[in-house]
Amino acid sequence: MDLGEKFIIRSNSLDPKQGKILISEPLMNDFHFGRSVVLLIDHEESEGSFGIIINKKLEVQVNHIVDEFPDFEAPVYLGGPVAEDQLFFIHTLGEMIPDSYPIIDGLYWGGNHETLATLIHTGIANEDNVRFYLGYSGWEAGQLVTELVRNTWLIGDITKEQYLDTPAEKMWQAFVDKMGNPYEMWKRFPKDFQDN
């Protein structure tokens, strides 16, 4: 690969599907999606896609948003630009929370809020097994594929352990690292070219 090739922003050839992550290209200048990692909750070519930004922690606690939960000083994350006034959650509690939707092995989307509140009250649900998000990220049919053609995103894999154990502020770089040498230069692009 010559030097010029290293500076080309190019996505990979994996297909988007439920449980994959989208890693934003380094030059994306967007409040929500700049240096973001998005977990795809669902993807249907004919119906569209939706996911949750998982690496942008907000300076707010869940009890400041939801009054009916027991005392639970868990952080809230920015999930995306759609329905930003609604709170969503991802957890590892599986069938303990009815109506949960499996995303990947050991990781679930949503479920019954009253059961979640009970599990918080008993201490079963805690910061180690549930995370909260304001808003979500959505794409109409064909929109995400178009963005992939434009090299807006890399598609990668994630495990439950990587989701839980990687600090939010280090996720983007950690998942770029996992993509290997072709993307080594991505980490060297400044977040803001005015800083250069």
# chains A, B, ... in the order shown; residues from 1 in each chain; ligands from 1

call {"tool": "residues_around", "arguments": {"residues": "stretch 12-22 of chain A", "least_positions_apart": "5", "cutoff": "10 Å", "atoms": "only C-alpha atoms", "output": "PyMOL selection string"}}
result
chain A and resi 36-45+49-54+102-105+107+144-145+148-149+151-159+172+175+179+182

call {"tool": "write_last_selection", "arguments": {"atoms": "N, CA, C and O atoms", "output": "compact mmCIF listing (two decimals), in the first residue's frame"}}
result
# COMPACT_ATOMS: atom_id res chain seq x y z
N SER A 36 -18.41 7.93 16.69
CA SER A 36 -19.40 7.12 17.40
C SER A 36 -19.26 5.64 17.07
O SER A 36 -18.71 5.25 16.04
N VAL A 37 -19.77 4.83 18.00
CA VAL A 37 -19.93 3.39 17.80
C VAL A 37 -21.41 3.10 18.00
O VAL A 37 -21.96 3.40 19.06
N VAL A 38 -22.05 2.56 16.97
CA VAL A 38 -23.49 2.31 17.01
C VAL A 38 -23.73 0.80 16.99
O VAL A 38 -23.23 0.11 16.10
N LEU A 39 -24.47 0.33 17.98
CA LEU A 39 -24.86 -1.08 18.01
C LEU A 39 -26.17 -1.22 17.24
O LEU A 39 -27.17 -0.58 17.59
N LEU A 40 -26.17 -2.04 16.18
CA LEU A 40 -27.38 -2.25 15.39
C LEU A 40 -28.32 -3.20 16.14
O LEU A 40 -27.99 -4.36 16.37
N ILE A 41 -29.48 -2.68 16.51
CA ILE A 41 -30.48 -3.48 17.19
C ILE A 41 -31.29 -4.29 16.18
O ILE A 41 -31.67 -5.43 16.42
N ASP A 42 -31.52 -3.69 15.01
CA ASP A 42 -32.27 -4.38 13.96
C ASP A 42 -31.88 -3.80 12.62
O ASP A 42 -31.56 -2.61 12.51
N HIS A 43 -31.88 -4.65 11.59
CA HIS A 43 -31.58 -4.20 10.23
C HIS A 43 -32.37 -5.05 9.25
O HIS A 43 -32.25 -6.27 9.23
N GLU A 44 -33.20 -4.39 8.46
CA GLU A 44 -33.96 -5.04 7.39
C GLU A 44 -33.83 -4.17 6.16
O GLU A 44 -34.19 -3.00 6.19
N GLU A 45 -33.30 -4.75 5.06
CA GLU A 45 -33.09 -3.98 3.84
C GLU A 45 -34.35 -3.25 3.40
O GLU A 45 -34.32 -2.10 2.99
N SER A 49 -33.26 0.40 9.39
CA SER A 49 -32.39 -0.06 10.47
C SER A 49 -32.55 0.86 11.68
O SER A 49 -32.87 2.04 11.53
N PHE A 50 -32.30 0.30 12.85
CA PHE A 50 -32.18 1.18 14.00
C PHE A 50 -31.13 0.61 14.95
O PHE A 50 -30.88 -0.59 15.01
N GLY A 51 -30.50 1.54 15.65
CA GLY A 51 -29.44 1.16 16.57
C GLY A 51 -29.29 2.19 17.66
O GLY A 51 -30.04 3.17 17.74
N ILE A 52 -28.30 1.98 18.50
CA ILE A 52 -28.04 2.84 19.65
C ILE A 52 -26.56 3.22 19.66
O ILE A 52 -25.69 2.34 19.56
N ILE A 53 -26.28 4.51 19.74
CA ILE A 53 -24.90 4.95 19.97
C ILE A 53 -24.52 4.50 21.38
O ILE A 53 -25.23 4.80 22.34
N ILE A 54 -23.42 3.77 21.51
CA ILE A 54 -23.11 3.18 22.82
C ILE A 54 -21.90 3.81 23.52
O ILE A 54 -21.53 3.39 24.61
N PRO A 102 -33.51 -10.14 22.11
CA PRO A 102 -32.09 -10.48 22.04
C PRO A 102 -31.39 -9.78 20.88
O PRO A 102 -31.92 -9.72 19.77
N ILE A 103 -30.21 -9.24 21.16
CA ILE A 103 -29.41 -8.56 20.13
C ILE A 103 -28.27 -9.46 19.69
O ILE A 103 -28.13 -9.80 18.52
N ILE A 104 -27.41 -9.81 20.64
CA ILE A 104 -26.34 -10.78 20.43
C ILE A 104 -26.35 -11.70 21.65
O ILE A 104 -27.12 -11.46 22.59
N ASP A 105 -25.50 -12.69 21.66
CA ASP A 105 -25.45 -13.65 22.76
C ASP A 105 -25.23 -12.91 24.08
O ASP A 105 -24.20 -12.27 24.28
N LEU A 107 -26.90 -10.28 25.33
CA LEU A 107 -27.22 -8.85 25.35
C LEU A 107 -28.62 -8.64 24.78
O LEU A 107 -28.96 -9.18 23.73
N LEU A 144 -28.94 3.28 5.14
CA LEU A 144 -27.68 2.83 5.73
C LEU A 144 -26.75 2.26 4.66
O LEU A 144 -25.55 2.53 4.67
N VAL A 145 -27.30 1.49 3.73
CA VAL A 145 -26.48 0.93 2.66
C VAL A 145 -25.84 2.04 1.84
O VAL A 145 -24.67 1.98 1.47
N LEU A 148 -22.96 3.38 3.71
CA LEU A 148 -21.83 2.46 3.64
C LEU A 148 -21.10 2.59 2.32
O LEU A 148 -19.86 2.55 2.27
N VAL A 149 -21.83 2.76 1.23
CA VAL A 149 -21.22 2.96 -0.08
C VAL A 149 -20.38 4.23 -0.08
O VAL A 149 -19.32 4.31 -0.72
N ASN A 151 -18.70 5.22 2.33
CA ASN A 151 -17.61 5.00 3.29
C ASN A 151 -17.78 5.80 4.58
O ASN A 151 -16.80 6.25 5.18
N THR A 152 -19.02 5.96 5.01
CA THR A 152 -19.30 6.69 6.25
C THR A 152 -19.02 5.84 7.48
O THR A 152 -18.67 6.36 8.53
N TRP A 153 -19.18 4.52 7.34
CA TRP A 153 -19.07 3.61 8.47
C TRP A 153 -18.20 2.41 8.15
O TRP A 153 -18.16 1.96 7.01
N LEU A 154 -17.55 1.88 9.18
CA LEU A 154 -16.99 0.53 9.17
C LEU A 154 -17.96 -0.37 9.91
O LEU A 154 -18.61 0.08 10.86
N ILE A 155 -18.06 -1.60 9.52
CA ILE A 155 -18.89 -2.56 10.23
C ILE A 155 -17.99 -3.52 10.99
O ILE A 155 -17.01 -4.03 10.44
N GLY A 156 -18.29 -3.72 12.25
CA GLY A 156 -17.48 -4.61 13.07
C GLY A 156 -18.33 -5.51 13.94
O GLY A 156 -19.56 -5.44 13.94
N ASP A 157 -17.65 -6.36 14.69
CA ASP A 157 -18.31 -7.27 15.62
C ASP A 157 -18.09 -6.79 17.04
O ASP A 157 -17.12 -6.09 17.34
N ILE A 158 -19.00 -7.20 17.92
CA ILE A 158 -18.89 -6.86 19.34
C ILE A 158 -19.41 -8.04 20.15
O ILE A 158 -20.33 -8.74 19.70
N THR A 159 -18.80 -8.26 21.30
CA THR A 159 -19.30 -9.28 22.23
C THR A 159 -19.91 -8.58 23.44
O THR A 159 -19.67 -7.38 23.67
N TRP A 172 -14.46 4.01 20.58
CA TRP A 172 -14.20 4.26 19.16
C TRP A 172 -12.79 3.79 18.79
O TRP A 172 -12.60 3.03 17.85
N PHE A 175 -12.34 -0.13 18.98
CA PHE A 175 -12.91 -0.90 17.87
C PHE A 175 -12.21 -0.60 16.55
O PHE A 175 -12.12 -1.48 15.69
N MET A 179 -9.99 -3.42 13.97
CA MET A 179 -10.14 -3.54 12.52
C MET A 179 -8.80 -3.76 11.82
O MET A 179 -8.75 -4.10 10.66
N PRO A 182 -5.13 -1.66 8.20
CA PRO A 182 -5.65 -0.74 7.18
C PRO A 182 -6.28 0.53 7.77
O PRO A 182 -6.41 1.53 7.08

call {"tool": "select_by_dssp", "arguments": {"residues": "stretch 39-196 of chain A", "states": "strand (DSSP E or B)", "output": "PyMOL selection string"}}
result
chain A and resi 39-44+48-53+57-61+75-78+82-91+101-104+107-109+130-139+153-156

call {"tool": "closest_residue", "arguments": {"among": "A:Trp186, A:Phe69, A:Tyr163, A:Phe31", "to": "A:Ala125", "atoms": "only C-alpha atoms"}}
result
A:Phe69

call {"tool": "residues_around", "arguments": {"residues": "stretch 112-115 of chain A", "least_positions_apart": "6", "cutoff": "12 Å", "atoms": "only C-alpha atoms", "output": "ChimeraX atom specification"}}
result
/A:66,68-70,87-91,93-101,121-122,124-125,132

call {"tool": "closest_residue", "arguments": {"among": "A:Tyr133, A:Gln61, A:Ile23, A:Pro167", "to": "A:Ala74", "atoms": "only C-alpha atoms"}}
result
A:Gln61

call {"tool": "atom_distance", "arguments": {"atom1": "atom CA of A:Gly180", "atom2": "atom CA of A:Lys56"}}
result
23.2 Å

call {"tool": "closest_residue", "arguments": {"among": "A:Tyr183, A:Phe72, A:Tyr77, A:Trp139", "to": "A:Ala168", "atoms": "only C-alpha atoms"}}
result
A:Tyr77

call {"tool": "residues_around", "arguments": {"residues": "A:Leu134", "least_positions_apart": "4", "cutoff": "9 Å", "atoms": "only C-alpha atoms", "output": "list of chain:residue names"}}
result
A:Val76, A:Tyr77, A:Leu78, A:Gly79, A:Gly80, A:Pro81, A:Val82, A:Ala83, A:Glu84, A:Asp85, A:Gln86, A:Leu87, A:Phe88, A:Phe89

call {"tool": "write_last_selection", "arguments": {"atoms": "C-alpha atoms", "output": "tab-separated table (two decimals), in the first residue's frame"}}
result
chain	number	residue	atom	x	y	z
A	76	VAL	CA	-27.33	7.84	30.84
A	77	TYR	CA	-25.85	7.71	27.34
A	78	LEU	CA	-26.77	9.53	24.13
A	79	GLY	CA	-28.49	6.88	21.99
A	80	GLY	CA	-29.13	8.95	18.88
A	81	PRO	CA	-31.02	11.84	17.32
A	82	VAL	CA	-34.45	10.13	17.11
A	83	ALA	CA	-36.87	10.31	20.09
A	84	GLU	CA	-34.32	12.08	22.28
A	85	ASP	CA	-36.98	12.61	24.92
A	86	GLN	CA	-37.41	8.85	25.41
A	87	LEU	CA	-35.29	6.55	27.56
A	88	PHE	CA	-34.27	3.10	26.28
A	89	PHE	CA	-32.16	0.38	27.86

call {"tool": "select_by_dssp", "arguments": {"residues": "stretch 18-167 of chain A", "states": "helix (DSSP H, G or I)", "output": "ChimeraX atom specification"}}
result
/A:62-64,94-96,113-122,143-149,160-165

call {"tool": "write_last_selection", "arguments": {"atoms": "N, CA and C atoms", "output": "compact mmCIF listing (two decimals), in the first residue's frame"}}
result
# COMPACT_ATOMS: atom_id res chain seq x y z
N VAL A 62 -29.83 8.50 35.67
CA VAL A 62 -31.15 8.03 35.26
C VAL A 62 -32.25 8.52 36.19
N ASN A 63 -31.97 8.68 37.49
CA ASN A 63 -33.00 9.16 38.41
C ASN A 63 -33.39 10.62 38.18
N HIS A 64 -32.57 11.34 37.45
CA HIS A 64 -32.92 12.72 37.09
C HIS A 64 -33.90 12.75 35.92
N GLY A 94 -31.68 -10.80 30.27
CA GLY A 94 -32.41 -11.76 29.47
C GLY A 94 -33.87 -11.92 29.86
N GLU A 95 -34.28 -13.18 30.06
CA GLU A 95 -35.68 -13.50 30.32
C GLU A 95 -36.15 -13.05 31.69
N MET A 96 -35.25 -12.57 32.53
CA MET A 96 -35.69 -12.00 33.80
C MET A 96 -36.56 -10.77 33.56
N HIS A 113 -40.80 -2.32 31.79
CA HIS A 113 -40.22 -1.31 32.68
C HIS A 113 -40.53 -1.57 34.15
N GLU A 114 -41.73 -2.08 34.43
CA GLU A 114 -42.08 -2.35 35.83
C GLU A 114 -41.20 -3.45 36.42
N THR A 115 -40.93 -4.48 35.61
CA THR A 115 -40.03 -5.54 36.08
C THR A 115 -38.63 -4.98 36.30
N LEU A 116 -38.18 -4.13 35.38
CA LEU A 116 -36.86 -3.51 35.55
C LEU A 116 -36.80 -2.72 36.85
N ALA A 117 -37.84 -1.95 37.14
CA ALA A 117 -37.86 -1.17 38.38
C ALA A 117 -37.78 -2.09 39.60
N THR A 118 -38.48 -3.21 39.56
CA THR A 118 -38.43 -4.17 40.67
C THR A 118 -37.03 -4.75 40.82
N LEU A 119 -36.39 -5.07 39.70
CA LEU A 119 -35.03 -5.63 39.75
C LEU A 119 -34.02 -4.60 40.25
N ILE A 120 -34.26 -3.33 39.94
CA ILE A 120 -33.40 -2.27 40.49
C ILE A 120 -33.60 -2.19 42.00
N HIS A 121 -34.85 -2.23 42.44
CA HIS A 121 -35.18 -2.13 43.86
C HIS A 121 -34.53 -3.27 44.67
N THR A 122 -34.50 -4.46 44.10
CA THR A 122 -33.92 -5.62 44.80
C THR A 122 -32.41 -5.71 44.64
N GLN A 143 -31.11 3.57 3.30
CA GLN A 143 -30.29 4.71 3.71
C GLN A 143 -28.95 4.29 4.28
N LEU A 144 -28.94 3.28 5.14
CA LEU A 144 -27.68 2.83 5.73
C LEU A 144 -26.75 2.26 4.66
N VAL A 145 -27.30 1.49 3.73
CA VAL A 145 -26.48 0.93 2.66
C VAL A 145 -25.84 2.04 1.84
N THR A 146 -26.61 3.10 1.59
CA THR A 146 -26.07 4.25 0.85
C THR A 146 -24.91 4.88 1.63
N GLU A 147 -25.06 5.02 2.93
CA GLU A 147 -23.99 5.59 3.75
C GLU A 147 -22.76 4.69 3.75
N LEU A 148 -22.96 3.38 3.71
CA LEU A 148 -21.83 2.46 3.64
C LEU A 148 -21.10 2.59 2.32
N VAL A 149 -21.83 2.76 1.23
CA VAL A 149 -21.22 2.96 -0.08
C VAL A 149 -20.38 4.23 -0.08
N LYS A 160 -20.66 -9.33 24.21
CA LYS A 160 -21.22 -8.79 25.44
C LYS A 160 -20.10 -8.24 26.33
N GLU A 161 -19.01 -8.98 26.43
CA GLU A 161 -17.89 -8.57 27.29
C GLU A 161 -17.27 -7.26 26.80
N GLN A 162 -17.11 -7.13 25.49
CA GLN A 162 -16.54 -5.88 24.96
C GLN A 162 -17.49 -4.70 25.21
N TYR A 163 -18.77 -4.94 25.07
CA TYR A 163 -19.76 -3.90 25.34
C TYR A 163 -19.69 -3.45 26.80
N LEU A 164 -19.60 -4.40 27.71
CA LEU A 164 -19.62 -4.08 29.13
C LEU A 164 -18.28 -3.54 29.64
N ASP A 165 -17.18 -4.05 29.12
CA ASP A 165 -15.88 -3.78 29.72
C ASP A 165 -15.10 -2.63 29.09

call {"tool": "decode", "arguments": {"residues": "stretch 59-187 of chain A", "atoms": "C-alpha atoms", "output": "PDB file, in the first residue's frame"}}
result
ATOM      1  CA  GLU A  59     -23.573  14.179  32.411  1.00  0.00           C
ATOM      2  CA  VAL A  60     -26.908  13.038  33.825  1.00  0.00           C
ATOM      3  CA  GLN A  61     -28.123  10.181  36.006  1.00  0.00           C
ATOM      4  CA  VAL A  62     -31.148   8.027  35.262  1.00  0.00           C
ATOM      5  CA  ASN A  63     -33.003   9.163  38.413  1.00  0.00           C
ATOM      6  CA  HIS A  64     -32.922  12.716  37.094  1.00  0.00           C
ATOM      7  CA  ILE A  65     -34.961  11.526  34.103  1.00  0.00           C
ATOM      8  CA  VAL A  66     -37.202   8.767  35.466  1.00  0.00           C
ATOM      9  CA  ASP A  67     -38.948   9.504  38.773  1.00  0.00           C
ATOM     10  CA  GLU A  68     -40.633   6.126  39.194  1.00  0.00           C
ATOM     11  CA  PHE A  69     -37.395   4.131  39.388  1.00  0.00           C
ATOM     12  CA  PRO A  70     -35.957   3.347  42.834  1.00  0.00           C
ATOM     13  CA  ASP A  71     -32.769   5.188  43.768  1.00  0.00           C
ATOM     14  CA  PHE A  72     -30.403   4.227  40.955  1.00  0.00           C
ATOM     15  CA  GLU A  73     -27.581   6.609  40.147  1.00  0.00           C
ATOM     16  CA  ALA A  74     -26.725   4.978  36.821  1.00  0.00           C
ATOM     17  CA  PRO A  75     -25.352   7.126  33.993  1.00  0.00           C
ATOM     18  CA  VAL A  76     -27.326   7.839  30.835  1.00  0.00           C
ATOM     19  CA  TYR A  77     -25.849   7.713  27.341  1.00  0.00           C
ATOM     20  CA  LEU A  78     -26.766   9.527  24.131  1.00  0.00           C
ATOM     21  CA  GLY A  79     -28.491   6.883  21.991  1.00  0.00           C
ATOM     22  CA  GLY A  80     -29.134   8.954  18.883  1.00  0.00           C
ATOM     23  CA  PRO A  81     -31.023  11.845  17.321  1.00  0.00           C
ATOM     24  CA  VAL A  82     -34.446  10.127  17.114  1.00  0.00           C
ATOM     25  CA  ALA A  83     -36.874  10.311  20.086  1.00  0.00           C
ATOM     26  CA  GLU A  84     -34.321  12.078  22.283  1.00  0.00           C
ATOM     27  CA  ASP A  85     -36.985  12.606  24.924  1.00  0.00           C
ATOM     28  CA  GLN A  86     -37.413   8.846  25.409  1.00  0.00           C
ATOM     29  CA  LEU A  87     -35.294   6.546  27.559  1.00  0.00           C
ATOM     30  CA  PHE A  88     -34.272   3.097  26.280  1.00  0.00           C
ATOM     31  CA  PHE A  89     -32.163   0.383  27.865  1.00  0.00           C
ATOM     32  CA  ILE A  90     -29.841  -2.497  26.983  1.00  0.00           C
ATOM     33  CA  HIS A  91     -29.163  -5.226  29.517  1.00  0.00           C
ATOM     34  CA  THR A  92     -27.779  -8.704  30.189  1.00  0.00           C
ATOM     35  CA  LEU A  93     -30.705  -9.912  32.306  1.00  0.00           C
ATOM     36  CA  GLY A  94     -32.414 -11.761  29.466  1.00  0.00           C
ATOM     37  CA  GLU A  95     -35.683 -13.496  30.316  1.00  0.00           C
ATOM     38  CA  MET A  96     -35.686 -11.998  33.804  1.00  0.00           C
ATOM     39  CA  ILE A  97     -37.190  -8.966  32.040  1.00  0.00           C
ATOM     40  CA  PRO A  98     -40.259  -9.987  29.988  1.00  0.00           C
ATOM     41  CA  ASP A  99     -40.505  -8.729  26.390  1.00  0.00           C
ATOM     42  CA  SER A 100     -36.729  -8.345  26.067  1.00  0.00           C
ATOM     43  CA  TYR A 101     -35.375  -8.558  22.535  1.00  0.00           C
ATOM     44  CA  PRO A 102     -32.087 -10.478  22.042  1.00  0.00           C
ATOM     45  CA  ILE A 103     -29.414  -8.559  20.128  1.00  0.00           C
ATOM     46  CA  ILE A 104     -26.336 -10.781  20.434  1.00  0.00           C
ATOM     47  CA  ASP A 105     -25.454 -13.646  22.763  1.00  0.00           C
ATOM     48  CA  GLY A 106     -26.093 -12.387  26.294  1.00  0.00           C
ATOM     49  CA  LEU A 107     -27.221  -8.853  25.347  1.00  0.00           C
ATOM     50  CA  TYR A 108     -30.844  -7.684  25.186  1.00  0.00           C
ATOM     51  CA  TRP A 109     -32.835  -4.631  24.161  1.00  0.00           C
ATOM     52  CA  GLY A 110     -35.658  -3.244  26.292  1.00  0.00           C
ATOM     53  CA  GLY A 111     -38.427  -5.117  28.028  1.00  0.00           C
ATOM     54  CA  ASN A 112     -40.970  -4.534  30.762  1.00  0.00           C
ATOM     55  CA  HIS A 113     -40.224  -1.307  32.678  1.00  0.00           C
ATOM     56  CA  GLU A 114     -42.081  -2.350  35.830  1.00  0.00           C
ATOM     57  CA  THR A 115     -40.029  -5.536  36.078  1.00  0.00           C
ATOM     58  CA  LEU A 116     -36.859  -3.514  35.552  1.00  0.00           C
ATOM     59  CA  ALA A 117     -37.863  -1.173  38.383  1.00  0.00           C
ATOM     60  CA  THR A 118     -38.432  -4.174  40.667  1.00  0.00           C
ATOM     61  CA  LEU A 119     -35.030  -5.630  39.755  1.00  0.00           C
ATOM     62  CA  ILE A 120     -33.401  -2.268  40.486  1.00  0.00           C
ATOM     63  CA  HIS A 121     -35.176  -2.130  43.861  1.00  0.00           C
ATOM     64  CA  THR A 122     -33.925  -5.618  44.803  1.00  0.00           C
ATOM     65  CA  GLY A 123     -30.394  -4.861  43.601  1.00  0.00           C
ATOM     66  CA  ILE A 124     -30.454  -7.493  40.844  1.00  0.00           C
ATOM     67  CA  ALA A 125     -30.343  -4.818  38.131  1.00  0.00           C
ATOM     68  CA  ASN A 126     -27.309  -2.589  38.519  1.00  0.00           C
ATOM     69  CA  GLU A 127     -24.774  -0.579  36.511  1.00  0.00           C
ATOM     70  CA  ASP A 128     -22.965  -3.801  35.588  1.00  0.00           C
ATOM     71  CA  ASN A 129     -25.923  -5.298  33.734  1.00  0.00           C
ATOM     72  CA  VAL A 130     -28.130  -2.463  32.448  1.00  0.00           C
ATOM     73  CA  ARG A 131     -27.396   0.778  30.559  1.00  0.00           C
ATOM     74  CA  PHE A 132     -29.744   3.611  29.644  1.00  0.00           C
ATOM     75  CA  TYR A 133     -29.895   5.680  26.453  1.00  0.00           C
ATOM     76  CA  LEU A 134     -31.727   8.840  25.449  1.00  0.00           C
ATOM     77  CA  GLY A 135     -32.937   8.529  21.876  1.00  0.00           C
ATOM     78  CA  TYR A 136     -31.946   6.085  19.171  1.00  0.00           C
ATOM     79  CA  SER A 137     -30.456   6.098  15.678  1.00  0.00           C
ATOM     80  CA  GLY A 138     -32.634   5.237  12.701  1.00  0.00           C
ATOM     81  CA  TRP A 139     -32.230   4.755   8.959  1.00  0.00           C
ATOM     82  CA  GLU A 140     -34.959   4.402   6.343  1.00  0.00           C
ATOM     83  CA  ALA A 141     -34.862   1.481   3.901  1.00  0.00           C
ATOM     84  CA  GLY A 142     -31.690   1.718   1.821  1.00  0.00           C
ATOM     85  CA  GLN A 143     -30.294   4.712   3.715  1.00  0.00           C
ATOM     86  CA  LEU A 144     -27.678   2.833   5.731  1.00  0.00           C
ATOM     87  CA  VAL A 145     -26.476   0.926   2.664  1.00  0.00           C
ATOM     88  CA  THR A 146     -26.069   4.253   0.854  1.00  0.00           C
ATOM     89  CA  GLU A 147     -23.990   5.586   3.747  1.00  0.00           C
ATOM     90  CA  LEU A 148     -21.829   2.457   3.643  1.00  0.00           C
ATOM     91  CA  VAL A 149     -21.217   2.960  -0.085  1.00  0.00           C
ATOM     92  CA  ARG A 150     -20.078   6.497   0.768  1.00  0.00           C
ATOM     93  CA  ASN A 151     -17.610   5.002   3.289  1.00  0.00           C
ATOM     94  CA  THR A 152     -19.296   6.690   6.245  1.00  0.00           C
ATOM     95  CA  TRP A 153     -19.069   3.613   8.471  1.00  0.00           C
ATOM     96  CA  LEU A 154     -16.985   0.535   9.171  1.00  0.00           C
ATOM     97  CA  ILE A 155     -18.894  -2.557  10.230  1.00  0.00           C
ATOM     98  CA  GLY A 156     -17.479  -4.614  13.071  1.00  0.00           C
ATOM     99  CA  ASP A 157     -18.306  -7.275  15.621  1.00  0.00           C
ATOM    100  CA  ILE A 158     -18.886  -6.862  19.336  1.00  0.00           C
ATOM    101  CA  THR A 159     -19.299  -9.277  22.225  1.00  0.00           C
ATOM    102  CA  LYS A 160     -21.216  -8.794  25.444  1.00  0.00           C
ATOM    103  CA  GLU A 161     -17.892  -8.567  27.292  1.00  0.00           C
ATOM    104  CA  GLN A 162     -16.544  -5.878  24.960  1.00  0.00           C
ATOM    105  CA  TYR A 163     -19.764  -3.899  25.341  1.00  0.00           C
ATOM    106  CA  LEU A 164     -19.616  -4.077  29.132  1.00  0.00           C
ATOM    107  CA  ASP A 165     -15.876  -3.781  29.718  1.00  0.00           C
ATOM    108  CA  THR A 166     -14.751  -1.100  27.237  1.00  0.00           C
ATOM    109  CA  PRO A 167     -15.006   2.403  28.728  1.00  0.00           C
ATOM    110  CA  ALA A 168     -17.314   4.586  26.630  1.00  0.00           C
ATOM    111  CA  GLU A 169     -14.645   7.211  25.965  1.00  0.00           C
ATOM    112  CA  LYS A 170     -12.263   4.549  24.607  1.00  0.00           C
ATOM    113  CA  MET A 171     -14.736   2.540  22.502  1.00  0.00           C
ATOM    114  CA  TRP A 172     -14.199   4.258  19.158  1.00  0.00           C
ATOM    115  CA  GLN A 173     -10.421   3.825  19.272  1.00  0.00           C
ATOM    116  CA  ALA A 174     -10.654   0.295  20.690  1.00  0.00           C
ATOM    117  CA  PHE A 175     -12.906  -0.899  17.869  1.00  0.00           C
ATOM    118  CA  VAL A 176     -10.820   0.865  15.217  1.00  0.00           C
ATOM    119  CA  ASP A 177      -7.828  -1.005  16.696  1.00  0.00           C
ATOM    120  CA  LYS A 178      -9.711  -4.282  16.240  1.00  0.00           C
ATOM    121  CA  MET A 179     -10.139  -3.538  12.516  1.00  0.00           C
ATOM    122  CA  GLY A 180      -6.385  -3.876  12.005  1.00  0.00           C
ATOM    123  CA  ASN A 181      -3.605  -2.118  10.115  1.00  0.00           C
ATOM    124  CA  PRO A 182      -5.649  -0.741   7.183  1.00  0.00           C
ATOM    125  CA  TYR A 183      -7.328   1.622   9.653  1.00  0.00           C
ATOM    126  CA  GLU A 184      -4.321   2.551  11.778  1.00  0.00           C
ATOM    127  CA  MET A 185      -4.283   6.065  10.268  1.00  0.00           C
ATOM    128  CA  TRP A 186      -7.880   6.673  11.355  1.00  0.00           C
ATOM    129  CA  LYS A 187      -6.739   7.181  14.932  1.00  0.00           C
TER     130      LYS A 187
END
